[in-house]
file query_22.txt (compact mmCIF, C-alpha atoms and all ligand atoms)
# COMPACT_ATOMS: atom_id res chain seq x y z
CA MET A 23 77.53 86.07 84.29
CA PRO A 24 76.24 82.98 86.06
CA VAL A 25 72.89 81.77 84.83
CA ALA A 26 70.09 80.94 87.22
CA ASN A 27 66.39 81.07 86.46
CA ASP A 28 66.72 81.63 82.73
CA ALA A 29 68.95 78.58 82.28
CA PRO A 30 67.96 76.06 79.61
CA ALA A 31 67.06 73.66 82.43
CA GLY A 32 63.94 75.77 82.77
CA ASP A 33 63.08 74.93 79.16
CA ILE A 34 63.64 71.21 79.12
CA GLU A 35 60.57 69.13 79.25
CA ARG A 36 59.60 67.80 82.63
CA THR A 37 59.00 64.07 82.84
CA ASP A 38 56.67 62.43 85.30
CA GLY A 39 59.14 59.64 85.96
CA ASP A 40 60.65 58.28 89.08
CA ALA A 41 63.84 56.40 89.90
CA GLU A 42 62.64 53.29 88.09
CA THR A 43 62.30 55.10 84.77
CA GLY A 44 65.99 56.03 84.73
CA ASP A 45 65.26 59.72 85.20
CA LEU A 46 67.25 62.04 87.44
CA PRO A 47 65.92 64.36 90.15
CA ILE A 48 67.43 67.70 89.18
CA ASN A 49 67.59 70.61 91.59
CA GLU A 50 69.41 73.04 89.27
CA LEU A 51 71.49 73.20 86.11
CA PHE A 52 73.63 76.27 85.39
CA GLN A 53 76.93 77.52 84.07
CA SER A 54 79.55 79.02 86.34
CA LEU A 55 83.27 78.92 87.08
CA GLN A 56 84.38 75.82 88.96
CA GLY A 57 84.84 77.37 92.40
CA GLU A 58 86.65 74.60 94.23
CA GLY A 59 89.61 72.30 93.85
CA ARG A 60 92.22 71.64 91.22
CA LEU A 61 90.10 73.03 88.38
CA ALA A 62 89.03 76.24 90.16
CA GLY A 63 88.36 78.95 87.59
CA VAL A 64 87.39 76.63 84.71
CA PRO A 65 84.02 77.46 83.05
CA SER A 66 81.77 74.47 83.67
CA VAL A 67 78.15 73.38 83.47
CA PHE A 68 76.88 72.25 86.87
CA VAL A 69 74.22 69.56 87.14
CA ARG A 70 72.88 69.39 90.68
CA THR A 71 70.89 66.27 91.59
CA SER A 72 68.66 66.20 94.65
CA GLY A 73 68.76 63.77 97.57
CA CYS A 74 71.61 62.80 99.89
CA ASN A 75 72.50 59.87 102.14
CA LEU A 76 74.16 62.24 104.66
CA ARG A 77 73.07 65.41 106.49
CA CYS A 78 76.01 67.73 107.16
CA TRP A 79 74.85 70.53 109.46
CA PHE A 80 76.68 73.05 107.26
CA CYS A 81 75.36 71.79 103.91
CA ASP A 82 75.37 74.71 101.46
CA SER A 83 72.84 72.86 99.28
CA TYR A 84 70.05 72.58 101.85
CA HIS A 85 67.44 72.03 99.14
CA THR A 86 69.13 68.83 98.01
CA SER A 87 69.68 67.29 101.44
CA TRP A 88 67.64 68.58 104.42
CA GLU A 89 64.68 69.70 102.32
CA PRO A 90 65.10 68.22 98.85
CA THR A 91 63.35 69.86 95.91
CA HIS A 92 63.60 68.78 92.30
CA ASP A 93 61.90 67.90 89.06
CA TRP A 94 62.51 64.57 87.34
CA PHE A 95 64.24 64.76 83.98
CA ALA A 96 65.13 62.13 81.42
CA VAL A 97 68.89 61.83 80.92
CA ASP A 98 68.34 62.80 77.24
CA ASP A 99 66.87 66.11 78.35
CA VAL A 100 69.68 66.78 80.83
CA LEU A 101 72.17 66.19 78.00
CA ALA A 102 70.25 68.53 75.71
CA ALA A 103 70.31 71.24 78.39
CA ILE A 104 74.07 70.82 78.88
CA GLU A 105 74.67 71.00 75.14
CA GLU A 106 73.03 74.42 74.97
CA TYR A 107 76.09 75.84 76.72
CA ASP A 108 79.45 76.33 75.08
CA ALA A 109 81.42 74.35 77.65
CA ASP A 110 83.89 71.45 77.73
CA HIS A 111 83.60 70.74 81.44
CA VAL A 112 80.62 69.30 83.28
CA VAL A 113 80.41 69.03 87.06
CA LEU A 114 77.92 66.51 88.43
CA THR A 115 77.05 67.37 92.00
CA GLY A 116 74.18 67.33 94.48
CA GLY A 117 73.04 66.31 96.97
CA GLU A 118 74.89 63.07 96.52
CA PRO A 119 74.86 62.38 92.77
CA LEU A 120 76.14 58.80 93.08
CA ILE A 121 73.08 57.51 94.96
CA HIS A 122 71.21 57.71 91.63
CA ASP A 123 71.76 54.91 89.09
CA ALA A 124 70.90 57.34 86.30
CA SER A 125 74.04 59.36 87.14
CA GLU A 126 76.06 56.46 85.68
CA ASP A 127 74.11 56.68 82.44
CA LEU A 128 74.63 60.45 82.31
CA LEU A 129 78.39 60.08 82.91
CA GLU A 130 78.72 57.42 80.18
CA ARG A 131 76.97 59.62 77.69
CA LEU A 132 78.97 62.72 78.62
CA ALA A 133 82.18 60.72 78.11
CA ASP A 134 80.92 59.55 74.69
CA ARG A 135 80.42 63.18 73.74
CA GLY A 136 83.94 64.16 74.80
CA TYR A 137 83.12 66.22 77.88
CA HIS A 138 85.53 66.41 80.80
CA THR A 139 83.56 65.29 83.84
CA THR A 140 84.07 66.08 87.50
CA VAL A 141 81.90 64.39 90.11
CA GLU A 142 81.51 66.07 93.48
CA THR A 143 80.83 63.24 95.93
CA ASN A 144 80.96 62.50 99.64
CA GLY A 145 82.92 59.30 98.98
CA THR A 146 80.40 56.74 100.27
CA VAL A 147 79.52 55.20 96.88
CA VAL A 148 81.67 53.73 94.07
CA PRO A 149 79.96 54.15 90.71
CA ASP A 150 80.41 52.05 87.61
CA ALA A 151 80.99 54.89 85.17
CA PRO A 152 83.77 56.95 83.57
CA ILE A 153 84.82 60.04 85.54
CA ASP A 154 87.75 62.34 84.66
CA LEU A 155 88.10 63.84 88.15
CA ALA A 156 86.56 62.32 91.26
CA SER A 157 86.28 65.24 93.65
CA VAL A 158 85.77 63.37 96.89
CA SER A 159 84.87 65.24 100.06
CA PRO A 160 84.92 62.78 102.98
CA LYS A 161 82.92 64.06 105.90
CA LEU A 162 84.63 64.67 109.23
CA ALA A 163 83.18 64.44 112.75
CA SER A 164 82.77 68.22 112.67
CA SER A 165 80.07 67.81 109.99
CA THR A 166 77.72 65.75 112.18
CA PRO A 167 74.33 67.40 112.87
CA THR A 168 74.27 67.06 116.65
CA ALA A 169 71.24 68.55 118.43
CA ASP A 170 73.03 71.88 118.99
CA ARG A 171 73.97 72.21 115.29
CA ASP A 172 70.98 70.64 113.53
CA PRO A 173 69.55 73.18 111.02
CA ASP A 174 66.25 71.34 110.90
CA GLY A 175 65.43 69.67 114.20
CA ASP A 176 66.92 68.10 117.28
CA GLY A 177 69.76 65.89 116.10
CA GLU A 178 67.55 63.11 114.65
CA TRP A 179 70.03 62.54 111.80
CA ALA A 180 73.18 62.51 113.93
CA ASP A 181 73.47 58.73 114.39
CA ARG A 182 72.73 57.86 110.77
CA HIS A 183 75.14 60.52 109.54
CA GLU A 184 77.81 59.31 111.94
CA GLN A 185 77.47 55.67 110.82
CA ARG A 186 77.59 56.47 107.11
CA ARG A 187 79.97 59.37 106.75
CA LEU A 188 83.28 57.48 106.41
CA ASP A 189 83.88 54.23 104.58
CA VAL A 190 87.60 53.55 104.12
CA PRO A 191 87.29 50.62 101.65
CA THR A 192 85.03 52.78 99.46
CA LEU A 193 87.45 55.71 99.61
CA ALA A 194 90.32 53.35 98.74
CA GLU A 195 88.41 51.98 95.74
CA LEU A 196 87.63 55.49 94.49
CA VAL A 197 91.30 56.44 94.76
CA GLU A 198 92.31 53.30 92.86
CA THR A 199 89.71 53.71 90.13
CA TYR A 200 89.78 57.42 89.37
CA ASP A 201 92.02 60.46 89.23
CA THR A 202 90.95 61.72 92.66
CA GLN A 203 91.24 64.82 94.79
CA LEU A 204 90.36 64.54 98.48
CA LYS A 205 88.76 67.83 99.47
CA PHE A 206 88.12 68.26 103.18
CA VAL A 207 85.80 70.91 104.59
CA VAL A 208 87.79 72.34 107.49
CA THR A 209 86.11 74.12 110.38
CA GLY A 210 89.30 74.60 112.44
CA ARG A 211 92.54 73.10 113.68
CA GLU A 212 90.57 70.41 115.59
CA ASP A 213 89.82 68.70 112.25
CA MET A 214 93.45 68.02 111.40
CA ALA A 215 94.01 64.96 113.61
CA GLU A 216 91.04 63.20 111.99
CA ILE A 217 92.26 64.13 108.49
CA GLU A 218 95.73 62.75 109.24
CA ARG A 219 94.30 59.53 110.70
CA LEU A 220 91.94 59.02 107.80
CA LEU A 221 94.66 59.62 105.19
CA GLU A 222 96.83 57.04 106.88
CA ARG A 223 94.01 54.48 106.73
CA VAL A 224 93.19 55.23 103.07
CA ARG A 225 96.87 55.07 102.11
CA ASP A 226 97.19 51.71 103.87
CA ALA A 227 94.08 50.35 102.17
CA ALA A 228 94.66 51.62 98.61
CA SER A 229 97.15 50.26 96.09
CA ALA A 230 97.22 53.66 94.34
CA ARG A 231 99.28 56.51 95.73
CA VAL A 232 97.63 59.49 97.45
CA ARG A 233 100.00 62.45 97.15
CA ASP A 234 99.86 65.35 99.58
CA ASP A 235 99.11 67.36 96.43
CA ASP A 236 95.85 65.43 96.00
CA VAL A 237 94.68 66.53 99.46
CA LEU A 238 92.90 69.87 99.61
CA LEU A 239 91.77 71.84 102.62
CA MET A 240 88.70 73.98 102.00
CA PRO A 241 87.42 76.51 104.53
CA GLU A 242 83.90 75.91 105.82
CA GLY A 243 81.54 78.76 104.99
CA GLN A 244 78.45 79.35 102.89
CA THR A 245 78.86 83.13 102.72
CA ARG A 246 81.68 85.66 102.31
CA ASP A 247 81.26 86.69 105.94
CA GLN A 248 81.57 83.11 107.17
CA LEU A 249 84.64 82.49 104.99
CA GLU A 250 86.19 85.67 106.32
CA SER A 251 86.55 83.98 109.69
CA THR A 252 87.82 80.55 108.47
CA ARG A 253 89.94 81.04 105.35
CA GLU A 254 93.12 82.37 106.91
CA THR A 255 93.20 79.64 109.57
CA VAL A 256 92.70 76.98 106.89
CA ALA A 257 95.36 78.50 104.60
CA ASP A 258 97.82 78.46 107.53
CA LEU A 259 96.96 74.80 108.21
CA ALA A 260 97.59 73.90 104.54
CA LEU A 261 101.03 75.51 104.77
CA GLU A 262 101.80 73.84 108.07
CA TYR A 263 100.75 70.33 106.95
CA GLY A 264 101.89 70.54 103.31
CA TYR A 265 98.44 70.02 101.77
CA ARG A 266 96.81 72.14 99.10
CA TYR A 267 94.45 75.00 99.98
CA THR A 268 91.38 75.51 97.86
CA PRO A 269 89.36 78.69 97.87
CA ARG A 270 85.61 78.83 97.36
CA LEU A 271 85.91 81.13 94.40
CA HIS A 272 82.17 81.25 93.67
CA VAL A 273 81.45 82.39 97.23
CA ASP A 274 84.18 85.05 97.00
CA LEU A 275 82.71 86.26 93.69
CA TRP A 276 78.95 85.84 94.11
CA ASN A 277 78.45 85.14 97.80
CA ASP A 278 75.56 82.66 98.23
CA ALA A 279 73.56 83.61 95.12
CA PRO A 280 71.63 80.70 93.59
CA GLY A 281 72.89 79.30 90.28
CA THR A 282 76.54 80.19 90.94
C1 LIG B 1 76.89 70.26 98.41
S1 LIG B 1 78.21 69.13 98.23
C2 LIG B 1 77.55 67.99 97.04
C3 LIG B 1 78.46 66.83 96.74
C4 LIG B 1 78.61 65.76 97.83
N1 LIG B 1 77.39 65.53 98.52
C5 LIG B 1 79.71 66.18 98.80
O1 LIG B 1 79.40 66.56 99.93
O2 LIG B 1 80.86 66.10 98.39
C6 LIG B 1 79.42 70.02 97.23
C7 LIG B 1 80.69 70.44 97.92
O3 LIG B 1 80.38 71.49 98.83
C8 LIG B 1 81.06 71.25 100.04
N2 LIG B 1 80.36 72.00 101.09
C9 LIG B 1 79.07 71.88 101.47
N3 LIG B 1 78.76 72.77 102.43
C10 LIG B 1 79.88 73.49 102.66
C11 LIG B 1 80.20 74.55 103.53
N4 LIG B 1 79.31 75.07 104.39
N5 LIG B 1 81.45 75.05 103.49
C12 LIG B 1 82.39 74.53 102.64
N6 LIG B 1 82.13 73.54 101.78
C13 LIG B 1 80.90 73.01 101.79
C14 LIG B 1 81.04 69.74 100.15
O4 LIG B 1 81.98 69.24 101.07
C15 LIG B 1 81.37 69.34 98.73
O5 LIG B 1 82.75 69.38 98.50
N1 LIG B 2 80.90 77.66 91.16
C1 LIG B 2 80.69 76.54 91.87
N2 LIG B 2 81.69 75.66 91.99
C2 LIG B 2 81.42 74.51 92.66
N3 LIG B 2 82.26 73.46 92.85
C3 LIG B 2 81.59 72.50 93.51
C4 LIG B 2 80.28 72.94 93.75
C5 LIG B 2 79.25 72.08 94.34
O1 LIG B 2 78.27 72.56 94.87
O2 LIG B 2 79.44 70.86 94.26
C6 LIG B 2 80.18 74.22 93.22
C7 LIG B 2 79.14 75.21 93.13
O3 LIG B 2 78.03 75.10 93.65
N4 LIG B 2 79.45 76.34 92.43
S1 LIG B 3 77.18 65.11 101.84
FE1 LIG B 3 77.19 66.89 100.48
S2 LIG B 3 75.03 67.24 99.85
FE2 LIG B 3 75.03 65.74 101.54
S3 LIG B 3 74.60 66.99 103.32
FE3 LIG B 3 76.86 66.83 103.17
S4 LIG B 3 77.53 68.60 101.90
FE4 LIG B 3 75.29 68.39 101.68
MG MG B 4 78.25 74.35 95.96
call {"tool": "encode", "arguments": {"input": "query_22.txt", "output": "structure tokens"}}
result
Amino acid sequence: MPVANDAPAGDIERTDGDAETGDLPINELFQSLQGEGRLAGVPSVFVRTSGCNLRCWFCDSYHTSWEPTHDWFAVDDVLAAIEEYDADHVVLTGGEPLIHDASEDLLERLADRGYHTTVETNGTVVPDAPIDLASVSPKLASSTPTADRDPDGDGEWADRHEQRRLDVPTLAELVETYDTQLKFVVTGREDMAEIERLLERVRDAASARVRDDDVLLMPEGQTRDQLESTRETVADLALEYGYRYTPRLHVDLWNDAPGT
């Protein structure tokens, strides 16, 4: 049973800190099954930081990007909350977790304690920290919040999002530094040309190999109903192009319930 409001995160002491104190803005902390990627199905503790440098129109974590909410917690208290669960795997996500320096501290200390760490990231920042699986989700043109798709306004974020969303040298460095999966949110066949082009550029720029096996296509959709209309198309594209398909297991199981 996924844990939401009664999670230990609700019990850990709130600090009045800010970024300069080394604290982290935490939106939620809960246990669930990893729903996406190579480790789908593995029980994991999720730490969701708040704040993002991008604004995907489809963001399923609206309260970490478009309208961020959080409390500030000392890294010690985040660790204590994680340790209350019987889990070996920790997933650091957001928002964009790597825009916070304190994420590096958290990752170091999780590694010291023997946890397997996955970081869910948009691939625009290279951290200086140990990570077991970098789960990188580069953002395609179809993610840009143009005026007709902006959930919050009139396309004010479109230019900034467009300028920041892809950074090939950063993606290449992530691939070289970490065991990496590249997990693309796919809205339809139109996305494939950009994925192919981007992979070619990353493969040219990186000294490490990117196998087709490390490339995952994930259907866009925040709810079961939305996935109903994208998953088969995306599965067919994975077969056609020879990439991996990843489900969104948590959405299949619990729809869009918080803390899952
Ligand atoms: C909320 S993001 C947080 C981590 C990081 N900011 C990123 O985008 O990778 C977590 C994962 O959810 C994916 N995601 C967000 N909204 C989605 C949607 N509507 N459908 C499918 N995947 C989505 C992201 O691409 C990413 O892989
Ligand atoms: N169960 C579950 N698996 C996930 N994998 C990546 C997630 C994320 O939001 O980063 C996520 C999430 O929110 N829930
Ligand atoms: S990069 Fe991640 S957290 Fe940021 S808006 Fe896109 S999906 Fe949401
Ligand atoms: Mg999620």
call {"tool": "atom_distance", "arguments": {"input": "query_22.txt", "atom1": "atom CA of Ile153 of chain A", "atom2": "atom CA of Val141 of chain A"}}
result
7.0 Å
call {"tool": "atom_distance", "arguments": {"input": "query_22.txt", "atom1": "atom C4 of ligand LIG 1 (chain B)", "atom2": "atom CA of Pro160 of chain A"}}
result
8.7 Å
call {"tool": "closest_residue", "arguments": {"input": "query_22.txt", "among": "A:Pro119, A:Pro47, A:Pro173, A:Gly136", "to": "Thr91 of chain A", "atoms": "all atoms listed in the file"}}
result
A:Pro47
call {"tool": "closest_residue", "arguments": {"input": "query_22.txt", "among": "A:Leu249, A:Val237, A:Ala96, A:Ala227", "to": "ligand LIG 1 (chain B)", "atoms": "only C-alpha atoms and all ligand atoms"}}
result
A:Leu249
call {"tool": "closest_atom_pairs", "arguments": {"input": "query_22.txt", "of": "segment 54-118 of chain A", "to": "segment 206-223 of chain A", "cutoff": "12 Å", "atoms": "only C-alpha atoms", "output": "tab-separated table"}}
result
residue	atom	partner	partner_atom	distance
A:Glu58	CA	A:Val207	CA	11.0
A:Gly59	CA	A:Phe206	CA	10.3
A:Cys78	CA	A:Val207	CA	10.6
A:Trp79	CA	A:Thr209	CA	11.9
A:Phe80	CA	A:Val207	CA	9.7
A:Cys81	CA	A:Val207	CA	10.5
A:Asp82	CA	A:Val207	CA	11.5
call {"tool": "write_last_selection", "arguments": {"input": "query_22.txt", "atoms": "C-alpha atoms", "output": "short mmCIF file (atom, residue, chain, number, x, y, z; two decimals), keeping the file's coordinate frame"}}
result
data_model
loop_
_atom_site.label_atom_id
_atom_site.label_comp_id
_atom_site.auth_asym_id
_atom_site.auth_seq_id
_atom_site.Cartn_x
_atom_site.Cartn_y
_atom_site.Cartn_z
CA GLU A 58 86.65 74.60 94.23
CA GLY A 59 89.61 72.30 93.85
CA CYS A 78 76.01 67.73 107.16
CA TRP A 79 74.85 70.53 109.46
CA PHE A 80 76.68 73.05 107.26
CA CYS A 81 75.36 71.79 103.91
CA ASP A 82 75.37 74.71 101.46
#
call {"tool": "residues_near_ligand", "arguments": {"input": "query_22.txt", "ligand": "ligand MG 4 (chain B)", "cutoff": "10 Å", "atoms": "only C-alpha atoms and all ligand atoms", "output": "PyMOL selection string"}}
result
chain A and resi 56-58+68+70+81-83+115-117+142+244+270+272-273+278+280-282
call {"tool": "axis_aligned_box", "arguments": {"input": "query_22.txt", "around": "ligand LIG 3 (chain B)", "padding_each_side": "6 Å", "output": "lines of an AutoDock Vina configuration file"}}
result
center_x = 76.1
center_y = 66.9
center_z = 101.6
size_x = 14.9
size_y = 15.5
size_z = 15.5
call {"tool": "closest_residue", "arguments": {"input": "query_22.txt", "among": "A:Met240, A:Ala163, A:Leu114, A:Ala109", "to": "ligand LIG 2 (chain B)", "atoms": "all atoms listed in the file"}}
result
A:Leu114
call {"tool": "closest_residue", "arguments": {"input": "query_22.txt", "among": "A:Val69, A:Leu259, A:Ile48, A:Val147", "to": "ligand LIG 2 (chain B)", "atoms": "all atoms listed in the file"}}
result
A:Val69
call {"tool": "closest_residue", "arguments": {"input": "query_22.txt", "among": "A:Arg231, A:Arg225, A:Lys161, A:Arg253", "to": "Tyr200 of chain A", "atoms": "all atoms listed in the file"}}
result
A:Arg231
